[in-house]
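Q: Dropping in entry-v7.cif, with mmCIF, C-alpha atoms and all ligand atoms.
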```cif
data_structure
loop_
_atom_site.label_atom_id
_atom_site.label_comp_id
_atom_site.auth_asym_id
_atom_site.auth_seq_id
_atom_site.Cartn_x
_atom_site.Cartn_y
_atom_site.Cartn_z
CA MET A 1 -23.08 -65.15 46.95
CA THR A 2 -24.78 -65.95 43.65
CA PRO A 3 -22.77 -66.92 40.50
CA SER A 4 -23.67 -63.49 39.12
CA ASP A 5 -22.25 -61.76 42.25
CA TYR A 6 -19.04 -63.76 41.85
CA GLU A 7 -18.75 -62.83 38.18
CA TYR A 8 -19.29 -59.17 39.07
CA LEU A 9 -16.48 -59.32 41.65
CA ARG A 10 -14.12 -61.20 39.32
CA LYS A 11 -14.56 -58.65 36.55
CA LEU A 12 -14.22 -55.69 38.90
CA LEU A 13 -11.05 -57.04 40.55
CA LYS A 14 -9.46 -57.79 37.17
CA GLU A 15 -10.15 -54.24 36.00
CA ARG A 16 -9.19 -52.48 39.21
CA SER A 17 -6.12 -54.40 40.43
CA GLY A 18 -5.25 -56.97 37.75
CA LEU A 19 -6.18 -59.83 40.07
CA ASP A 20 -7.05 -62.80 37.87
CA LEU A 21 -9.38 -65.08 39.86
CA SER A 22 -10.21 -68.49 38.41
CA ALA A 23 -13.81 -69.72 38.47
CA ASP A 24 -13.22 -71.82 41.63
CA LYS A 25 -12.01 -69.13 44.06
CA GLN A 26 -15.35 -68.31 45.72
CA TYR A 27 -13.98 -69.54 49.07
CA LEU A 28 -11.14 -66.98 48.87
CA VAL A 29 -13.54 -64.15 48.10
CA GLU A 30 -15.86 -65.28 50.93
CA SER A 31 -13.06 -65.45 53.49
CA ARG A 32 -11.56 -62.07 52.53
CA LEU A 33 -14.82 -60.14 52.16
CA ALA A 34 -16.93 -61.55 55.02
CA PRO A 35 -15.13 -59.37 57.64
CA LEU A 36 -15.62 -56.32 55.40
CA ALA A 37 -19.36 -57.03 55.09
CA ARG A 38 -19.59 -57.35 58.89
CA LYS A 39 -17.70 -54.08 59.34
CA ALA A 40 -20.12 -52.36 56.94
CA GLY A 41 -23.04 -53.72 59.02
CA LEU A 42 -24.22 -55.98 56.19
CA PRO A 43 -25.44 -59.58 56.67
CA GLY A 44 -23.25 -61.09 53.90
CA ILE A 45 -21.35 -60.85 50.62
CA ALA A 46 -24.52 -60.70 48.51
CA GLU A 47 -25.56 -57.50 50.27
CA LEU A 48 -22.00 -56.14 49.99
CA VAL A 49 -22.07 -56.68 46.22
CA GLN A 50 -25.51 -55.09 46.02
CA LYS A 51 -24.14 -51.98 47.77
CA MET A 52 -21.09 -51.92 45.46
CA ARG A 53 -23.34 -52.10 42.42
CA GLY A 54 -24.79 -48.81 43.70
CA HIS A 55 -21.44 -47.23 42.76
CA THR A 56 -20.00 -46.62 46.22
CA GLU A 57 -16.38 -45.86 45.32
CA ALA A 58 -15.05 -45.98 48.89
CA LEU A 59 -16.51 -49.44 49.47
CA THR A 60 -15.22 -50.71 46.12
CA SER A 61 -11.68 -49.54 46.98
CA GLU A 62 -11.94 -51.33 50.34
CA VAL A 63 -13.00 -54.53 48.55
CA VAL A 64 -10.09 -54.26 46.09
CA GLU A 65 -7.64 -53.72 48.98
CA ALA A 66 -9.13 -56.58 51.00
CA MET A 67 -8.50 -58.94 48.09
CA THR A 68 -4.77 -58.14 47.88
CA THR A 69 -2.29 -60.61 49.36
CA ASN A 70 0.26 -58.70 51.44
CA GLU A 71 2.55 -61.52 52.59
CA THR A 72 6.14 -60.28 52.85
CA PHE A 73 9.18 -60.50 55.08
CA PHE A 74 12.66 -59.02 55.48
CA PHE A 75 15.26 -60.16 52.91
CA ARG A 76 12.65 -62.47 51.36
CA ASP A 77 14.31 -65.33 49.43
CA LYS A 78 17.74 -63.88 50.39
CA ILE A 79 19.30 -64.60 46.93
CA PRO A 80 18.16 -61.36 45.19
CA PHE A 81 19.64 -59.33 48.04
CA ASP A 82 22.92 -61.28 47.82
CA HIS A 83 23.02 -60.61 44.06
CA LEU A 84 22.39 -56.94 44.71
CA ARG A 85 25.18 -56.62 47.28
CA ASP A 86 27.75 -58.89 45.59
CA GLY A 87 27.32 -58.24 41.86
CA ILE A 88 24.76 -55.70 40.75
CA LEU A 89 25.66 -52.85 43.11
CA PRO A 90 29.44 -53.14 42.67
CA ALA A 91 28.92 -52.87 38.88
CA LEU A 92 26.52 -49.93 39.24
CA ILE A 93 28.84 -48.17 41.71
CA GLN A 94 31.57 -48.27 39.07
CA ALA A 95 29.25 -47.16 36.29
CA ARG A 96 27.76 -44.26 38.33
CA ALA A 97 31.04 -43.08 39.92
CA ALA A 98 30.71 -39.63 38.33
CA ARG A 99 27.16 -38.88 39.38
CA ARG A 100 27.08 -40.84 42.70
CA THR A 101 23.32 -41.31 42.58
CA LEU A 102 21.29 -44.52 42.53
CA ARG A 103 17.52 -44.95 42.31
CA PHE A 104 15.60 -48.05 43.46
CA TRP A 105 11.92 -48.89 43.07
CA CYS A 106 9.94 -51.49 45.02
CA ALA A 107 6.89 -51.80 42.81
CA ALA A 108 4.64 -53.77 45.23
CA SER A 109 6.22 -52.92 48.54
CA SER A 110 3.47 -54.12 50.90
CA THR A 111 4.21 -53.37 54.58
CA GLY A 112 7.77 -52.23 53.90
CA GLN A 113 10.01 -55.17 54.70
CA GLU A 114 11.34 -55.23 51.10
CA PRO A 115 12.26 -51.53 50.67
CA TYR A 116 13.66 -51.38 54.21
CA SER A 117 15.76 -54.51 53.52
CA ILE A 118 17.25 -52.64 50.54
CA ALA A 119 17.78 -49.52 52.69
CA MET A 120 19.67 -51.48 55.38
CA LEU A 121 21.70 -53.30 52.72
CA LEU A 122 22.74 -49.94 51.22
CA LYS A 123 23.60 -48.55 54.64
CA GLU A 124 25.93 -51.52 55.18
CA MET A 125 27.95 -50.77 52.01
CA PRO A 126 30.87 -48.40 52.78
CA ALA A 127 31.39 -47.81 49.03
CA LEU A 128 28.07 -45.94 49.00
CA SER A 129 28.94 -43.52 51.76
CA GLY A 130 28.33 -39.97 50.49
CA TRP A 131 26.13 -41.19 47.62
CA ARG A 132 22.57 -40.07 47.05
CA THR A 133 20.38 -43.16 47.13
CA GLU A 134 16.65 -42.96 46.64
CA ILE A 135 14.23 -45.83 47.29
CA VAL A 136 10.66 -45.42 46.06
CA ALA A 137 8.14 -47.83 47.61
CA THR A 138 4.76 -48.11 45.90
CA ASP A 139 1.69 -50.27 46.44
CA LEU A 140 -1.97 -50.28 45.51
CA SER A 141 -3.06 -50.55 49.13
CA GLN A 142 -3.13 -47.45 51.36
CA ALA A 143 -3.35 -49.66 54.46
CA VAL A 144 -0.03 -51.43 53.83
CA LEU A 145 1.65 -48.14 52.87
CA GLU A 146 0.55 -46.60 56.16
CA LYS A 147 2.02 -49.49 58.10
CA SER A 148 5.20 -49.27 56.05
CA ARG A 149 5.54 -45.54 56.72
CA SER A 150 5.20 -46.13 60.46
CA GLY A 151 8.27 -48.40 60.44
CA VAL A 152 6.79 -50.35 63.36
CA PHE A 153 7.05 -54.12 63.24
CA SER A 154 5.95 -56.92 65.57
CA GLN A 155 8.24 -59.44 67.22
CA PHE A 156 6.97 -62.04 64.70
CA GLU A 157 7.79 -59.77 61.75
CA VAL A 158 11.34 -58.96 62.85
CA GLN A 159 11.99 -62.66 63.45
CA ARG A 160 11.30 -63.41 59.76
CA GLY A 161 14.46 -62.96 57.66
CA LEU A 162 16.04 -60.04 59.51
CA PRO A 163 19.61 -60.79 60.67
CA ILE A 164 19.93 -60.23 64.43
CA HIS A 165 22.80 -57.75 64.05
CA MET A 166 20.54 -55.56 61.86
CA LEU A 167 17.70 -55.77 64.38
CA VAL A 168 20.03 -54.55 67.13
CA LYS A 169 21.62 -51.88 64.93
CA TYR A 170 18.59 -50.40 63.16
CA PHE A 171 15.59 -50.94 65.50
CA LYS A 172 14.54 -49.82 68.96
CA GLN A 173 12.37 -52.07 71.08
CA ASP A 174 9.13 -50.59 72.41
CA GLY A 175 7.35 -53.26 74.47
CA GLU A 176 6.15 -55.97 72.06
CA LEU A 177 7.02 -53.82 69.03
CA TRP A 178 10.15 -52.73 67.19
CA GLN A 179 10.56 -49.23 65.74
CA LEU A 180 12.85 -48.83 62.74
CA ASN A 181 15.35 -45.98 63.15
CA ALA A 182 14.50 -42.66 61.51
CA ASP A 183 17.58 -42.61 59.24
CA ILE A 184 16.56 -45.89 57.54
CA ARG A 185 12.93 -44.79 57.29
CA ALA A 186 14.02 -41.52 55.69
CA MET A 187 15.71 -43.45 52.87
CA VAL A 188 12.31 -44.68 51.60
CA GLN A 189 9.63 -42.55 49.91
CA HIS A 190 6.13 -44.04 49.79
CA ARG A 191 3.55 -43.54 47.04
CA GLN A 192 0.21 -45.18 46.30
CA LEU A 193 0.42 -46.54 42.77
CA ASN A 194 -1.51 -49.09 40.75
CA LEU A 195 0.68 -51.10 38.38
CA LEU A 196 -2.15 -51.07 35.84
CA GLN A 197 -1.90 -47.30 35.50
CA ASP A 198 0.63 -44.92 33.97
CA LEU A 199 3.93 -45.24 35.85
CA SER A 200 6.16 -42.95 33.80
CA HIS A 201 6.00 -39.99 36.23
CA LEU A 202 8.22 -41.94 38.63
CA GLY A 203 11.21 -41.44 36.31
CA THR A 204 13.78 -44.16 35.61
CA PHE A 205 15.56 -46.47 38.02
CA ASP A 206 18.81 -48.38 38.34
CA VAL A 207 17.20 -51.29 40.20
CA ILE A 208 13.55 -52.38 40.24
CA PHE A 209 12.10 -54.97 42.62
CA CYS A 210 8.72 -56.17 41.31
CA ARG A 211 8.30 -59.35 43.30
CA ASN A 212 5.39 -61.61 44.16
CA VAL A 213 2.71 -59.47 42.57
CA LEU A 214 2.73 -60.44 38.88
CA ILE A 215 1.84 -64.04 39.86
CA TYR A 216 -1.71 -62.81 40.49
CA PHE A 217 -2.10 -61.38 36.96
CA ASP A 218 -2.85 -63.01 33.60
CA GLN A 219 -0.22 -63.23 30.83
CA GLU A 220 -1.50 -60.20 28.92
CA THR A 221 -1.40 -57.97 32.02
CA LYS A 222 2.09 -59.22 32.95
CA ALA A 223 3.36 -58.49 29.41
CA ALA A 224 1.90 -54.96 29.48
CA ILE A 225 3.53 -54.24 32.88
CA PHE A 226 6.92 -55.58 31.73
CA GLU A 227 6.67 -53.36 28.66
CA ARG A 228 6.01 -50.28 30.82
CA ILE A 229 8.69 -51.17 33.39
CA SER A 230 11.21 -51.63 30.57
CA ARG A 231 10.82 -47.91 29.79
CA MET A 232 11.66 -47.05 33.40
CA ILE A 233 14.92 -48.90 33.87
CA GLU A 234 18.43 -47.83 32.91
CA PRO A 235 20.00 -49.91 30.09
CA ASP A 236 22.49 -51.38 32.61
CA GLY A 237 19.90 -51.68 35.40
CA ALA A 238 18.50 -54.81 37.02
CA LEU A 239 14.98 -56.12 37.66
CA ALA A 240 14.28 -58.58 40.50
CA LEU A 241 11.24 -60.85 40.26
CA GLY A 242 9.80 -63.31 42.82
CA ALA A 243 11.02 -66.89 43.06
CA ALA A 244 7.95 -68.17 41.18
CA GLU A 245 8.07 -65.45 38.50
CA SER A 246 9.93 -65.10 35.22
CA VAL A 247 9.87 -63.17 31.94
CA VAL A 248 10.29 -66.35 29.91
CA GLY A 249 7.43 -66.87 27.47
CA ILE A 250 5.82 -63.53 28.47
CA THR A 251 8.02 -60.71 27.19
CA ASN A 252 11.30 -60.14 25.41
CA THR A 253 11.78 -56.66 26.86
CA PHE A 254 13.91 -58.29 29.61
CA LYS A 255 16.31 -61.21 29.62
CA PRO A 256 17.89 -63.20 32.48
CA TYR A 257 20.82 -61.37 34.08
CA PRO A 258 23.96 -63.45 33.48
CA ASP A 259 24.76 -65.71 36.48
CA ARG A 260 22.22 -63.98 38.74
CA ARG A 261 19.15 -66.21 39.21
CA GLY A 262 15.91 -64.27 39.72
CA MET A 263 17.41 -61.08 38.27
CA TYR A 264 16.75 -59.69 34.77
CA CYS A 265 18.23 -56.93 32.65
CA PRO A 266 16.70 -54.87 29.86
CA ASN A 267 16.98 -56.61 26.51
CA ILE A 268 18.69 -53.69 24.76
CA ALA A 269 17.92 -55.06 21.28
CA ARG A 270 14.22 -54.92 22.23
CA ALA A 271 14.32 -51.97 24.63
CA ALA A 272 11.32 -49.67 24.64
CA PRO A 273 12.04 -45.90 24.44
CA ARG A 274 13.12 -44.44 27.79
CA GLY A 275 10.52 -42.86 30.08
CA ALA A 276 9.81 -39.18 29.63
CA ALA A 277 11.24 -38.21 33.02
CA SER A 278 14.97 -37.86 33.57
CA SER A 279 16.72 -40.60 35.54
CA ALA A 280 18.53 -38.06 37.67
CA MET A 281 15.35 -36.23 38.60
CA PRO A 282 14.20 -37.08 42.12
CA LEU A 283 10.56 -38.01 42.63
CA LYS A 284 9.66 -34.77 44.42
CA LEU A 285 10.99 -32.71 41.52
CA VAL A 286 9.30 -34.95 38.98
CA ALA A 287 6.02 -34.42 40.82
CA ALA A 288 6.60 -30.66 41.03
CA ALA A 289 7.42 -30.48 37.32
CA ARG A 290 4.13 -32.12 36.29
C1 LIG A 301 2.60 -60.54 48.15
S1 LIG A 301 2.90 -58.83 48.34
C2 LIG A 301 4.59 -58.73 47.81
C3 LIG A 301 5.42 -57.86 48.69
C4 LIG A 301 6.91 -57.84 48.37
N1 LIG A 301 7.15 -57.38 47.01
C5 LIG A 301 7.53 -59.19 48.58
O1 LIG A 301 7.84 -59.87 47.61
O2 LIG A 301 7.71 -59.58 49.73
C6 LIG A 301 2.01 -58.20 46.90
C7 LIG A 301 1.66 -56.72 47.02
O3 LIG A 301 1.21 -56.28 45.72
C8 LIG A 301 0.23 -55.29 45.92
N2 LIG A 301 -0.58 -55.17 44.68
C9 LIG A 301 -1.53 -56.01 44.20
N3 LIG A 301 -2.03 -55.56 43.05
C10 LIG A 301 -1.38 -54.40 42.77
C11 LIG A 301 -1.46 -53.46 41.71
N4 LIG A 301 -2.31 -53.60 40.69
N5 LIG A 301 -0.64 -52.39 41.76
C12 LIG A 301 0.24 -52.21 42.79
N6 LIG A 301 0.36 -53.08 43.82
C13 LIG A 301 -0.44 -54.16 43.81
C14 LIG A 301 -0.56 -55.78 47.11
O4 LIG A 301 -1.26 -54.73 47.76
C15 LIG A 301 0.53 -56.40 47.99
O5 LIG A 301 0.97 -55.52 48.98
#
```
So that I can check it, write out the structure of this file as structure tokens.
Ligand SMILES: C[S@@+](CC[C@H](N)C(=O)[O-])C[C@H]1O[C@@H](n2cnc3c(N)ncnc32)[C@H](O)[C@@H]1O
A:
Amino acid sequence: MTPSDYEYLRKLLKERSGLDLSADKQYLVESRLAPLARKAGLPGIAELVQKMRGHTEALTSEVVEAMTTNETFFFRDKIPFDHLRDGILPALIQARAARRTLRFWCAASSTGQEPYSIAMLLKEMPALSGWRTEIVATDLSQAVLEKSRSGVFSQFEVQRGLPIHMLVKYFKQDGELWQLNADIRAMVQHRQLNLLQDLSHLGTFDVIFCRNVLIYFDQETKAAIFERISRMIEPDGALALGAAESVVGITNTFKPYPDRRGMYCPNIARAAPRGAASSAMPLKLVAAAR
């Protein structure tokens, strides 16, 4: 790969997915794209770039997807899920007692362990019995969304973070694989969505998980996404970020949630106007109304 090929890929990835590659990440690009070049029957990355320069949209999308990092596991970091169960949900259950509806968004949901962790957590809360809960899982990558939709996980995947009693209760073993029960799968709606694009059609949410994706973006992109997300969260809602992520020094649209590390709440004094779509409007209706 020539320096000019690398610059072409860096610029394209920044524009298409927000990925901010420093000048010394050629090895990463080589290791992620070499299998794709082989699959396309091309001798190497230089030829792959040459083909992309010929405006082949399908190949470009494959390259963008191949450069995403999809690492995830059930109940990742544990603490945000404890905060959700022990503090944030009890407060929201009180506040929403009249309408008995809660909306959740996993904004970079990868292969599904995060939204399904939320779904199982909700299922375990008797106070939510009879409530309408909606979990929207979105990701840039079609491949991870397909895997998420299938609800099929390997032995290795279910051994990472998933409590054994939940494995027994919510999964069925099928040889080497584990199939998540249909009722948990039905709690999650999947959508392909790029965080760089307009998000307002999703409506507004009570809880947003946007974890371990913003770390790949530059400050300006992070600030723009926080600004947009702040229009999509209820004033008393909560935002969860990854363990290595924070709003500090990037945006004042959110502030740390009191006594809940890793969680943030809208900074009402700085809140952006609410999203155009109604908070009570389910995704299917929002889509139909457009
Ligand atoms: C490291 S995974 C995080 C998964 C999960 N949130 C967690 O913390 O375990 C990051 C995910 O972000 C997705 N992603 C990367 N850029 C994106 C973008 N611009 N819009 C939406 N999703 C994106 C990737 O496809 C990947 O699945």
Q: Could you pull out the residues sitting within 7 Å of ligand LIG 301 (chain A), using only C-alpha atoms and all ligand atoms, and write them as a PyMOL selection string?
A: chain A and resi 17-19+65+68-73+76+106-111+114+138-141+144+193-196+210-213+242
Q: As a ChimeraX atom specification, please: the residues near Arg261 of chain A (cut-off 8 Å, only C-alpha atoms, same-chain neighbours under 5 positions excluded).
A: /A:79-80,256
Q: For Ile45 of chain A, please output as a PyMOL selection string all residues within 7 Å (counting only C-alpha atoms; exclusion window: fewer than 3 positions along the same chain).
A: chain A and resi 1+33-34+37+48-49
Q: Provide the atom CA of Ile88 of chain A to atom CA of Gly130 of chain A distance in Å, to one decimal place.
A: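 A separation of 18.8 Å between them.
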Q: Calculate how many Å separate atom CA of Glu62 of chain A from atom CA of Phe209 of chain A, rounding to one decimal.
A: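 Distance between the two atoms: 25.5 Å.
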Q: Select, from A:Lys78, A:Ala224, A:Pro43, A:Phe153, the residue with the minimum atom-to-atom distance to Ala243 of chain A, counting all atoms listed in the file.
A: A:Lys78
Q: Which residue is closest to Leu12 of chain A? Choose from A:Lys25, A:Arg53, A:Ser154, A:Gly237 and count all atoms listed in the file.
A: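 Counting all atoms listed in the file, the residue closest to Leu12 of chain A is A:Arg53.
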Q: At most 6 Å from (19.2, -55.0, 46.2), file frame, all atoms listed in the file: which residues, as a VMD selection string?
A: chain A and resid 81 84 118
Q: May I have the residues from that selection written out with C-alpha atoms, as a tab-separated table (two decimals), keeping the file's coordinate frame?
A:
```tsv
chain	number	residue	atom	x	y	z
A	81	PHE	CA	19.64	-59.33	48.04
A	84	LEU	CA	22.39	-56.94	44.71
A	118	ILE	CA	17.25	-52.64	50.54
```
Q: Distance table requested - segment 124-207 of chain A against segment 94-100 of chain A, cut-off 12 Å, only C-alpha atoms: one row per qualifying residue with the closest atom pair and its distance in Å to one decimal, ordered by chain and rising residue number, as a Markdown table.
A:
```
| residue | atom | partner | partner_atom | distance |
| --- | --- | --- | --- | --- |
| A:Ala127 | CA | A:Gln94 | CA | 10.0 |
| A:Leu128 | CA | A:Arg100 | CA | 8.2 |
| A:Ser129 | CA | A:Arg100 | CA | 9.6 |
| A:Gly130 | CA | A:Arg100 | CA | 7.9 |
| A:Trp131 | CA | A:Arg100 | CA | 5.0 |
| A:Arg132 | CA | A:Arg100 | CA | 6.3 |
| A:Thr133 | CA | A:Arg100 | CA | 8.4 |
| A:Glu134 | CA | A:Arg100 | CA | 11.3 |
| A:Asp206 | CA | A:Arg96 | CA | 9.9 |
```
Q: Taking the block just given, write segment 189-200 of chain A to a file that holds all heavy atoms, as a PDB file, in the first residue's frame.
A:
```pdb
ATOM      1  N   GLN A 189     -35.559  -4.455  18.612  1.00  0.00           N
ATOM      2  CA  GLN A 189     -35.731  -4.146  17.182  1.00  0.00           C
ATOM      3  C   GLN A 189     -34.379  -3.713  16.626  1.00  0.00           C
ATOM      4  O   GLN A 189     -33.703  -2.892  17.248  1.00  0.00           O
ATOM      5  CB  GLN A 189     -36.666  -2.965  16.991  1.00  0.00           C
ATOM      6  CG  GLN A 189     -38.072  -3.180  17.472  1.00  0.00           C
ATOM      7  CD  GLN A 189     -38.886  -1.903  17.241  1.00  0.00           C
ATOM      8  OE1 GLN A 189     -38.708  -1.206  16.258  1.00  0.00           O
ATOM      9  NE2 GLN A 189     -39.757  -1.606  18.175  1.00  0.00           N
ATOM     10  N   HIS A 190     -34.013  -4.231  15.467  1.00  0.00           N
ATOM     11  CA  HIS A 190     -32.715  -3.896  14.878  1.00  0.00           C
ATOM     12  C   HIS A 190     -32.875  -2.942  13.692  1.00  0.00           C
ATOM     13  O   HIS A 190     -33.809  -3.093  12.906  1.00  0.00           O
ATOM     14  CB  HIS A 190     -32.009  -5.158  14.395  1.00  0.00           C
ATOM     15  CG  HIS A 190     -31.631  -6.105  15.492  1.00  0.00           C
ATOM     16  ND1 HIS A 190     -32.487  -7.057  16.001  1.00  0.00           N
ATOM     17  CD2 HIS A 190     -30.483  -6.237  16.197  1.00  0.00           C
ATOM     18  CE1 HIS A 190     -31.877  -7.736  16.963  1.00  0.00           C
ATOM     19  NE2 HIS A 190     -30.662  -7.263  17.106  1.00  0.00           N
ATOM     20  N   ARG A 191     -31.951  -2.015  13.585  1.00  0.00           N
ATOM     21  CA  ARG A 191     -31.932  -1.073  12.460  1.00  0.00           C
ATOM     22  C   ARG A 191     -30.485  -0.766  12.076  1.00  0.00           C
ATOM     23  O   ARG A 191     -29.669  -0.546  12.977  1.00  0.00           O
ATOM     24  CB  ARG A 191     -32.540   0.286  12.877  1.00  0.00           C
ATOM     25  CG  ARG A 191     -34.017   0.293  13.051  1.00  0.00           C
ATOM     26  CD  ARG A 191     -34.681   0.381  11.691  1.00  0.00           C
ATOM     27  NE  ARG A 191     -36.063  -0.039  11.822  1.00  0.00           N
ATOM     28  CZ  ARG A 191     -37.095   0.752  11.638  1.00  0.00           C
ATOM     29  NH1 ARG A 191     -36.928   2.001  11.315  1.00  0.00           N
ATOM     30  NH2 ARG A 191     -38.318   0.290  11.746  1.00  0.00           N
ATOM     31  N   GLN A 192     -30.198  -0.701  10.770  1.00  0.00           N
ATOM     32  CA  GLN A 192     -28.873  -0.213  10.392  1.00  0.00           C
ATOM     33  C   GLN A 192     -28.879   1.304  10.489  1.00  0.00           C
ATOM     34  O   GLN A 192     -29.793   1.961   9.968  1.00  0.00           O
ATOM     35  CB  GLN A 192     -28.510  -0.636   8.965  1.00  0.00           C
ATOM     36  CG  GLN A 192     -27.075  -0.260   8.652  1.00  0.00           C
ATOM     37  CD  GLN A 192     -26.676  -0.527   7.222  1.00  0.00           C
ATOM     38  OE1 GLN A 192     -27.516  -0.547   6.327  1.00  0.00           O
ATOM     39  NE2 GLN A 192     -25.397  -0.732   6.987  1.00  0.00           N
ATOM     40  N   LEU A 193     -27.890   1.868  11.150  1.00  0.00           N
ATOM     41  CA  LEU A 193     -27.867   3.312  11.327  1.00  0.00           C
ATOM     42  C   LEU A 193     -26.434   3.787  11.550  1.00  0.00           C
ATOM     43  O   LEU A 193     -25.695   3.201  12.335  1.00  0.00           O
ATOM     44  CB  LEU A 193     -28.744   3.684  12.532  1.00  0.00           C
ATOM     45  CG  LEU A 193     -28.972   5.156  12.762  1.00  0.00           C
ATOM     46  CD1 LEU A 193     -30.430   5.430  13.083  1.00  0.00           C
ATOM     47  CD2 LEU A 193     -28.117   5.661  13.901  1.00  0.00           C
ATOM     48  N   ASN A 194     -26.072   4.821  10.820  1.00  0.00           N
ATOM     49  CA  ASN A 194     -24.741   5.414  10.957  1.00  0.00           C
ATOM     50  C   ASN A 194     -24.852   6.614  11.896  1.00  0.00           C
ATOM     51  O   ASN A 194     -25.662   7.519  11.658  1.00  0.00           O
ATOM     52  CB  ASN A 194     -24.265   5.862   9.565  1.00  0.00           C
ATOM     53  CG  ASN A 194     -22.831   6.319   9.572  1.00  0.00           C
ATOM     54  OD1 ASN A 194     -22.279   6.687  10.622  1.00  0.00           O
ATOM     55  ND2 ASN A 194     -22.217   6.298   8.407  1.00  0.00           N
ATOM     56  N   LEU A 195     -24.050   6.630  12.934  1.00  0.00           N
ATOM     57  CA  LEU A 195     -24.126   7.720  13.923  1.00  0.00           C
ATOM     58  C   LEU A 195     -23.761   9.079  13.327  1.00  0.00           C
ATOM     59  O   LEU A 195     -24.015  10.110  13.945  1.00  0.00           O
ATOM     60  CB  LEU A 195     -23.212   7.419  15.112  1.00  0.00           C
ATOM     61  CG  LEU A 195     -23.713   6.327  16.062  1.00  0.00           C
ATOM     62  CD1 LEU A 195     -22.623   5.908  17.038  1.00  0.00           C
ATOM     63  CD2 LEU A 195     -24.946   6.810  16.823  1.00  0.00           C
ATOM     64  N   LEU A 196     -23.168   9.072  12.136  1.00  0.00           N
ATOM     65  CA  LEU A 196     -22.812  10.350  11.502  1.00  0.00           C
ATOM     66  C   LEU A 196     -24.012  10.966  10.793  1.00  0.00           C
ATOM     67  O   LEU A 196     -23.959  12.105  10.363  1.00  0.00           O
ATOM     68  CB  LEU A 196     -21.692  10.159  10.467  1.00  0.00           C
ATOM     69  CG  LEU A 196     -20.384   9.533  10.947  1.00  0.00           C
ATOM     70  CD1 LEU A 196     -19.335   9.618   9.853  1.00  0.00           C
ATOM     71  CD2 LEU A 196     -19.882  10.214  12.202  1.00  0.00           C
ATOM     72  N   GLN A 197     -25.063  10.164  10.629  1.00  0.00           N
ATOM     73  CA  GLN A 197     -26.218  10.655   9.864  1.00  0.00           C
ATOM     74  C   GLN A 197     -27.357  11.125  10.775  1.00  0.00           C
ATOM     75  O   GLN A 197     -27.260  11.001  11.987  1.00  0.00           O
ATOM     76  CB  GLN A 197     -26.689   9.555   8.908  1.00  0.00           C
ATOM     77  CG  GLN A 197     -25.661   9.350   7.808  1.00  0.00           C
ATOM     78  CD  GLN A 197     -25.904   8.090   6.993  1.00  0.00           C
ATOM     79  OE1 GLN A 197     -26.782   7.300   7.296  1.00  0.00           O
ATOM     80  NE2 GLN A 197     -25.099   7.917   5.962  1.00  0.00           N
ATOM     81  N   ASP A 198     -28.422  11.607  10.160  1.00  0.00           N
ATOM     82  CA  ASP A 198     -29.570  12.091  10.926  1.00  0.00           C
ATOM     83  C   ASP A 198     -30.169  10.937  11.737  1.00  0.00           C
ATOM     84  O   ASP A 198     -30.395   9.865  11.207  1.00  0.00           O
ATOM     85  CB  ASP A 198     -30.614  12.647   9.946  1.00  0.00           C
ATOM     86  CG  ASP A 198     -31.858  13.125  10.681  1.00  0.00           C
ATOM     87  OD1 ASP A 198     -31.722  13.577  11.831  1.00  0.00           O
ATOM     88  OD2 ASP A 198     -32.954  13.023  10.098  1.00  0.00           O
ATOM     89  N   LEU A 199     -30.400  11.179  13.024  1.00  0.00           N
ATOM     90  CA  LEU A 199     -30.882  10.111  13.904  1.00  0.00           C
ATOM     91  C   LEU A 199     -32.293  10.398  14.410  1.00  0.00           C
ATOM     92  O   LEU A 199     -32.896   9.567  15.080  1.00  0.00           O
ATOM     93  CB  LEU A 199     -29.947  10.000  15.128  1.00  0.00           C
ATOM     94  CG  LEU A 199     -28.437   9.954  14.853  1.00  0.00           C
ATOM     95  CD1 LEU A 199     -27.651  10.184  16.139  1.00  0.00           C
ATOM     96  CD2 LEU A 199     -28.061   8.619  14.247  1.00  0.00           C
ATOM     97  N   SER A 200     -32.814  11.586  14.079  1.00  0.00           N
ATOM     98  CA  SER A 200     -34.013  12.073  14.764  1.00  0.00           C
ATOM     99  C   SER A 200     -35.249  11.201  14.520  1.00  0.00           C
ATOM    100  O   SER A 200     -36.165  11.177  15.339  1.00  0.00           O
ATOM    101  CB  SER A 200     -34.303  13.516  14.353  1.00  0.00           C
ATOM    102  OG  SER A 200     -34.507  13.560  12.963  1.00  0.00           O
TER     103      SER A 200
END
```
